[in-house]
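K.L.:
Below are the structure tokens for one structure; questions will follow.
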Amino acid sequence: MQDNFDSHIGRSTLFWLLLTNIAILSPLFDKIMPWSIGICAICFLWRVGIYFGRVAAPPKLLVTSLAIGAATTLGLVASQIGALNALVNLLLLGYALKYIEMRQVRDVKVLVLVGYFLIGFSLLEYNSILNTLHLLLVSTINTCVLISLYQEQSQPAMETLPESRGNVRITRSKSSLLNLSQFKFSLKLLAQSLPLALILFVVFPRLPPLWLMPSMDNARTGLSNEMAFGDISKLTRSAELAFRVGFDSKSQGRLANQDLYWRTLVLDEYDGETWRQHPSMQAIQTLTIQTLVRQIKPTQSTPDLQGHNNKSIAYNIISEPSYQKWLYGLDVATSDDPKLTMLPDHRLYALNDITQRFSYAVVSYPNAVMDRELSKTIASISLQLPKGLNPQTLALAAQFKLDYPKPSDRLAAMMSYFNRQAFFYTLSPPPLGKQQVDDFLFNNKAGFCAHYASALVYMARATGLPARVVAGYQGGEYNPEAGYYSVYQYMAHAWAEVWLEGQGWQRFDPTAMIAPERILDGFDASFDGASSYLSDTLFTSLRFKHTPWLNDLRYKMASLDYYWSLWVLGFDETKKQQVLDKLFGDISLSQLAMIILGLSSVILLLIAYSAGLLHFSFEDKLNRRYLSICQRLINKGLVETKAQVNSQAPLAPIAPIAPIAPMTPITPMAPITPMAPITPMAPPQRFAAEIAPKLTQVNPKLAKQFAGFNALYIALKYQDLPPKQRRLKQKRFHALYRKLRFGLLVN
């Protein structure tokens, strides 16, 4: 059965489609399941075979069977990979299967439209500046398909290969397959659409996402809501960026590394092996989100800001996707962002999972008191210990309590204990037995931050002091090019918070007693990157930290991405209103709509003119200007016959030289007939010849200018000139027009 082709699909279009197929899939490569990649690869290779005329198009039954099988498989594994990932894979498989069974021109248009949809989704998912540039290139290639398709439709000179195989009809264009002019034209169209995109970006309301990306356990990065003794040390092998922080220069300059404790999680329940959030706190988080979603203002814990000496730190955080809800802040952090809330344990918490870069403004109060009064419930939770475990640690804690009855002195003695004993700070601590804290304090004496924080909290609780483990990040890499901090996963850290009467929750970090350089100077001061965060990561710019010029280049590139995230991704309703107020001042909504409509119309007209949908003829302007000068000369009385010139009259053809005839007898000369006067149908040469004598007599300068003006008109109207030469002659023609008009005006 033969395919019903609407029209031929040219080889150039097919070639662009091959490139587009790879380009469209490249941004979403990490979203495609392995078996989906296999099906896409088979479709691509089959299409290459069709392109070279080696195989026929697959039967529709085969394509339909593949589609049903792929959809069924995705339905079965959707719960494991997440609903959104399943939908993305389904769309990519549909794109690949449509590509392999493409037969008609309308199929090409469908592929291009689906390609634009996938590009838009990729832009929502990956919105860094490098990914945006990548997607602009993909959009350009996708647009080339349409340009090639319409150009080939307008040029019917196609050759059908005689060796068509099966039901595949291949057409070969006389133009080259990779037409760079099409690529340039596609770039031109995208560049012309940027002003309209900019207008829409500035004035269009910031809408919520069309869908909420579901949480995917296998996609979560960074800290977990549970912490075993060795969990944080595993993060030190990750060079992934966690978040970036830019401080308000008016309120705070560059902070010292020891002041950068980024609170993320509060873990207050310990079962002898793992620290986790208490179920009551998890219930509060869930209730808070539900009330906010229902537009009900939740009951929040108001931090005690009295006595903070009016000191505050304002900064902006750009969080990387973590597929979690928790956020980062220093000390007592507050925010007015409606997309997040503040929890009773003084943490920031997002309403939805952070599935893409998320920018939010924070104000912190480093001297504020966290919970000056402690409720009985929180006190009970913060004193719980597993029964029957770690008897040596309990005995040591009892001795501390006996020797130091005052809580502040007791905590100081506990901190000094880590400094006096032969403890060792390491990323690879030895394994612990069932009595974890006893093994660490009395046997191994080697551990990472989680070991020391857990031991201190355990001893504090054993002496009657409410205490909890806080997990987050400590420090940050300062970028001098843009003045912001980058916090990476390997900077994950754990410390203790102990509640003291009248002082609230106070931070105690035993790591500072064992490895003070880790707190004062950062992670790299204590550990070698090659044995930690660089060991499992081959491709990371952090490898260039010790090469000065490469490190400077790394800072510059990171700064570009930071500003992109700050100005573009962080462009919310508040910033939009500030820009509109600065541009237009106090303007009504209707006036703004009219301005937007006017600007959009001008841009659309320019795009339509560039695309050839609108046409303004230069030849009409050429004729008008030439006839205008000629009429002025006639009005000046320089043409004795008062005749008109016809700009549309063709140039008189040059008659061929007649062959020499044989000698004939000389006859008397006939009387000379006088030359006919110039008629309205006179061509430009005749008009110029008639006017030249008298114009030269009256004004030689004008005569010379008109002769050049007339010659340029004839060349532009009747000669096939190269583009560069035509532009040059047009420029000279208009310049002489202005001179002649002025000269005839004053003479």
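Numbering starts fresh at 1 for the residues of each chain in the structure tokens, the chains themselves are lettered A, B, ... in the order given, and ligands are numbered from 1 as they appear.
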What's around Ala71 (chain A) at 10 Å? Count only C-alpha atoms, leave out sequence neighbours fewer than 3 positions away in its own chain, and write the answer as a ChimeraX atom specification.

P.N.:
/A:65-68,74-76,86-87,89-91,93-94

K.L.:
Please provide as a PyMOL selection string all residues within 12 Å of Tyr116 (chain A), with the sequence filter that same-chain residues fewer than 3 positions apart are discarded (counting only C-alpha atoms).

P.N.:
chain A and resi 20-21+23-25+95+109-113+119-123+135-136+138-143+145-146

K.L.:
Please dump the current selection as a compact mmCIF listing (two decimals), in the first residue's frame; keep N, CA, C and O atoms.

P.N.:
```
# COMPACT_ATOMS: atom_id res chain seq x y z
N THR A 20 17.88 17.87 14.50
CA THR A 20 16.91 18.29 15.52
C THR A 20 16.57 17.16 16.47
O THR A 20 16.40 17.37 17.68
N ASN A 21 16.49 15.94 15.94
CA ASN A 21 16.15 14.80 16.79
C ASN A 21 17.15 14.62 17.92
O ASN A 21 16.78 14.37 19.07
N ALA A 23 19.24 17.10 18.96
CA ALA A 23 19.26 18.33 19.75
C ALA A 23 18.11 18.39 20.75
O ALA A 23 18.29 18.83 21.89
N ILE A 24 16.92 17.95 20.34
CA ILE A 24 15.76 18.01 21.23
C ILE A 24 15.93 17.09 22.43
O ILE A 24 15.54 17.41 23.56
N LEU A 25 16.52 15.92 22.21
CA LEU A 25 16.67 14.95 23.29
C LEU A 25 17.82 15.29 24.23
O LEU A 25 17.82 14.87 25.39
N TYR A 95 7.51 11.47 20.53
CA TYR A 95 8.26 12.28 19.56
C TYR A 95 9.10 11.38 18.66
O TYR A 95 9.14 11.55 17.43
N LYS A 109 5.47 19.35 10.61
CA LYS A 109 5.01 20.48 11.42
C LYS A 109 4.65 20.04 12.83
O LYS A 109 4.92 20.75 13.81
N VAL A 110 4.04 18.87 12.96
CA VAL A 110 3.72 18.34 14.29
C VAL A 110 5.00 18.10 15.09
O VAL A 110 5.08 18.43 16.28
N LEU A 111 6.00 17.53 14.44
CA LEU A 111 7.28 17.29 15.12
C LEU A 111 7.91 18.59 15.60
O LEU A 111 8.45 18.66 16.71
N VAL A 112 7.85 19.62 14.77
CA VAL A 112 8.44 20.90 15.16
C VAL A 112 7.70 21.48 16.36
O VAL A 112 8.32 21.98 17.31
N LEU A 113 6.38 21.40 16.36
CA LEU A 113 5.60 21.93 17.48
C LEU A 113 5.88 21.16 18.77
O LEU A 113 6.03 21.76 19.85
N ILE A 119 11.31 21.90 24.34
CA ILE A 119 12.28 22.96 24.66
C ILE A 119 11.76 23.81 25.80
O ILE A 119 12.51 24.17 26.72
N GLY A 120 10.47 24.15 25.76
CA GLY A 120 9.88 24.93 26.85
C GLY A 120 9.93 24.21 28.18
O GLY A 120 10.25 24.81 29.21
N PHE A 121 9.65 22.90 28.16
CA PHE A 121 9.74 22.13 29.39
C PHE A 121 11.18 22.11 29.91
O PHE A 121 11.43 22.24 31.11
N SER A 122 12.14 21.92 29.01
CA SER A 122 13.55 21.90 29.41
C SER A 122 13.96 23.22 30.04
O SER A 122 14.74 23.25 31.00
N LEU A 123 13.42 24.32 29.51
CA LEU A 123 13.76 25.63 30.06
C LEU A 123 13.22 25.79 31.47
O LEU A 123 13.85 26.43 32.32
N LEU A 135 19.60 25.78 24.97
CA LEU A 135 18.24 25.65 24.45
C LEU A 135 17.95 26.65 23.33
O LEU A 135 17.14 26.39 22.44
N LEU A 136 18.62 27.81 23.36
CA LEU A 136 18.49 28.74 22.23
C LEU A 136 19.06 28.13 20.96
O LEU A 136 18.50 28.29 19.87
N VAL A 138 19.21 24.88 20.37
CA VAL A 138 18.25 23.84 19.98
C VAL A 138 17.04 24.46 19.28
O VAL A 138 16.55 23.94 18.27
N SER A 139 16.56 25.60 19.78
CA SER A 139 15.43 26.28 19.15
C SER A 139 15.79 26.74 17.74
O SER A 139 14.96 26.68 16.82
N THR A 140 17.02 27.19 17.57
CA THR A 140 17.46 27.63 16.24
C THR A 140 17.45 26.47 15.26
O THR A 140 16.97 26.60 14.11
N ILE A 141 17.96 25.32 15.68
CA ILE A 141 17.97 24.14 14.80
C ILE A 141 16.55 23.68 14.50
O ILE A 141 16.22 23.32 13.37
N ASN A 142 15.68 23.71 15.51
CA ASN A 142 14.29 23.31 15.29
C ASN A 142 13.59 24.25 14.31
O ASN A 142 12.78 23.82 13.48
N THR A 143 13.91 25.54 14.38
CA THR A 143 13.32 26.51 13.46
C THR A 143 13.84 26.29 12.04
O THR A 143 13.12 26.55 11.07
N VAL A 145 14.17 23.61 10.54
CA VAL A 145 13.33 22.61 9.88
C VAL A 145 12.18 23.30 9.14
O VAL A 145 11.90 23.02 7.97
N LEU A 146 11.51 24.24 9.83
CA LEU A 146 10.39 24.95 9.21
C LEU A 146 10.87 25.81 8.04
O LEU A 146 10.23 25.85 6.98
```

K.L.:
Could you work out how far CA of Arg244 (chain A) lies from CA of Tyr485 (chain A), giving the answer in Å with one decimal?

P.N.:
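Separation of CA of Tyr485 (chain A) and CA of Arg244 (chain A): 5.5 Å.
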
K.L.:
Please compute the CA of Met557 (chain A)-CA of Leu327 (chain A) distance, one decimal, in Å.

P.N.:
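So the two atoms, CA of Met557 (chain A) and CA of Leu327 (chain A), lie 25.3 Å apart.
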
K.L.:
Contacts of Ile317 (chain A) at 7 Å or less, counting only C-alpha atoms, minus same-chain residues fewer than 2 places along, as an MDAnalysis selection string?

P.N.:
chainID A and resid 243:246 315 319 359:361

K.L.:
Which one is closest to Ile378 (chain A): A:Tyr490, A:Trp35, A:Trp549, A:Trp499? Count only C-alpha atoms.

P.N.:
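Among the listed residues, A:Trp499 lies closest to Ile378 (chain A).
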
K.L.:
In terms of the shortest atom-to-atom distance over only C-alpha atoms, which of A:Gln277, A:Asn316, A:Ser454, A:Thr537 is closest to Asp248 (chain A)?

P.N.:
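Closest to Asp248 (chain A) of all the choices is A:Asn316.
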
K.L.:
Can you pull out every residue within 12 Å of region 403-406 of chain A, counting only C-alpha atoms, but drop anything in the same chain fewer than 4 positions away, and send it as a list in words?

P.N.:
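Within the cut-off, the hits are Leu396, Ala397, Ala398, Gln399, Arg410, Leu411, Ala412, Ala413, Met414, Thr463, Gly464, Leu465, Leu500 and Glu501 of chain A.
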
K.L.:
CA of Ala494 (chain A) and CA of Ala530 (chain A), how far apart in Å?

P.N.:
22.5 Å

K.L.:
Measuring atom to atom with only C-alpha atoms, identify which of A:Val202, A:Leu130, A:Ile284, A:Cys40 is nearest to Trp567 (chain A).

P.N.:
A:Val202

K.L.:
Looking only at strand (DSSP E or B) from DSSP on the backbone, list the matching residues of region 239-374 of chain A as a PyMOL selection string.

P.N.:
chain A and resi 241-247+261-267+269-270+274-276+304+313-319+326+329-330+332-334+340-342+348-350+358-365+369

K.L.:
Calculated over only C-alpha atoms, which of the candidates A:Gly504, A:Pro510, A:Pro548, A:Gly522 has the smallest distance to Val487 (chain A)?

P.N.:
A:Gly522

K.L.:
Apply DSSP to the backbone of this structure and, from region 333-545 of chain A, keep only the residues in alpha helix (DSSP H); write these as a ChimeraX atom specification.

P.N.:
/A:376-381,391-403,407-420,436-438,449-462,511-514,516-520

K.L.:
Just the residues within 9 Å of Met513 (chain A), please, counting only C-alpha atoms, with nothing from its chain fewer than 4 positions along; format it as a ChimeraX atom specification.

P.N.:
/A:415-419,509

K.L.:
Give me, as a Markdown table, each residue of region 435-528 of chain A that comes within 7 Å of region 262-274 of chain A, together with its shortest interatomic pair and the distance in Å at one decimal, counting only C-alpha atoms, with rows ordered by chain and rising residue number.

P.N.:
```
| residue | atom | partner | partner_atom | distance |
| --- | --- | --- | --- | --- |
| A:Arg468 | CA | A:Asp268 | CA | 4.9 |
| A:Val469 | CA | A:Leu267 | CA | 5.2 |
| A:Val470 | CA | A:Val266 | CA | 4.6 |
| A:Ala471 | CA | A:Leu265 | CA | 5.1 |
| A:Gly472 | CA | A:Thr264 | CA | 4.6 |
| A:Tyr473 | CA | A:Trp262 | CA | 5.1 |
| A:Gln474 | CA | A:Trp262 | CA | 6.1 |
```

K.L.:
Please write the residues from the selection above to a file, keeping N, CA, C and O atoms, as an mmCIF file, in the first residue's frame.

P.N.:
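Writing the result to again.cif gives the following:
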```
data_model
loop_
_atom_site.group_PDB
_atom_site.id
_atom_site.type_symbol
_atom_site.label_atom_id
_atom_site.label_comp_id
_atom_site.auth_asym_id
_atom_site.auth_seq_id
_atom_site.Cartn_x
_atom_site.Cartn_y
_atom_site.Cartn_z
ATOM 1 N N ARG A 468 19.669 19.373 71.125
ATOM 2 C CA ARG A 468 19.267 18.800 69.834
ATOM 3 C C ARG A 468 20.408 18.948 68.842
ATOM 4 O O ARG A 468 21.307 19.790 69.015
ATOM 5 N N VAL A 469 20.351 18.116 67.798
ATOM 6 C CA VAL A 469 21.349 18.178 66.725
ATOM 7 C C VAL A 469 20.784 19.036 65.600
ATOM 8 O O VAL A 469 19.619 18.901 65.216
ATOM 9 N N VAL A 470 21.601 19.928 65.083
ATOM 10 C CA VAL A 470 21.219 20.755 63.937
ATOM 11 C C VAL A 470 22.122 20.380 62.767
ATOM 12 O O VAL A 470 23.349 20.347 62.901
ATOM 13 N N ALA A 471 21.501 20.066 61.645
ATOM 14 C CA ALA A 471 22.241 19.736 60.424
ATOM 15 C C ALA A 471 22.063 20.862 59.419
ATOM 16 O O ALA A 471 20.966 21.421 59.275
ATOM 17 N N GLY A 472 23.118 21.184 58.763
ATOM 18 C CA GLY A 472 23.076 22.256 57.772
ATOM 19 C C GLY A 472 24.398 22.338 57.046
ATOM 20 O O GLY A 472 25.001 21.313 56.688
ATOM 21 N N TYR A 473 24.870 23.551 56.836
ATOM 22 C CA TYR A 473 26.128 23.775 56.125
ATOM 23 C C TYR A 473 26.921 24.823 56.880
ATOM 24 O O TYR A 473 26.351 25.721 57.517
ATOM 25 N N GLN A 474 28.227 24.709 56.796
ATOM 26 C CA GLN A 474 29.082 25.659 57.505
ATOM 27 C C GLN A 474 30.115 26.213 56.532
ATOM 28 O O GLN A 474 30.835 25.477 55.857
#
```

K.L.:
Between A:Asn85, A:Gln506, A:Gln356, A:Asn479, which one has atoms that come closest to Tyr126 (chain A), using only C-alpha atoms?

P.N.:
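Nearest candidate to Tyr126 (chain A) out of A:Asn85, A:Gln506, A:Gln356, A:Asn479: A:Gln356.
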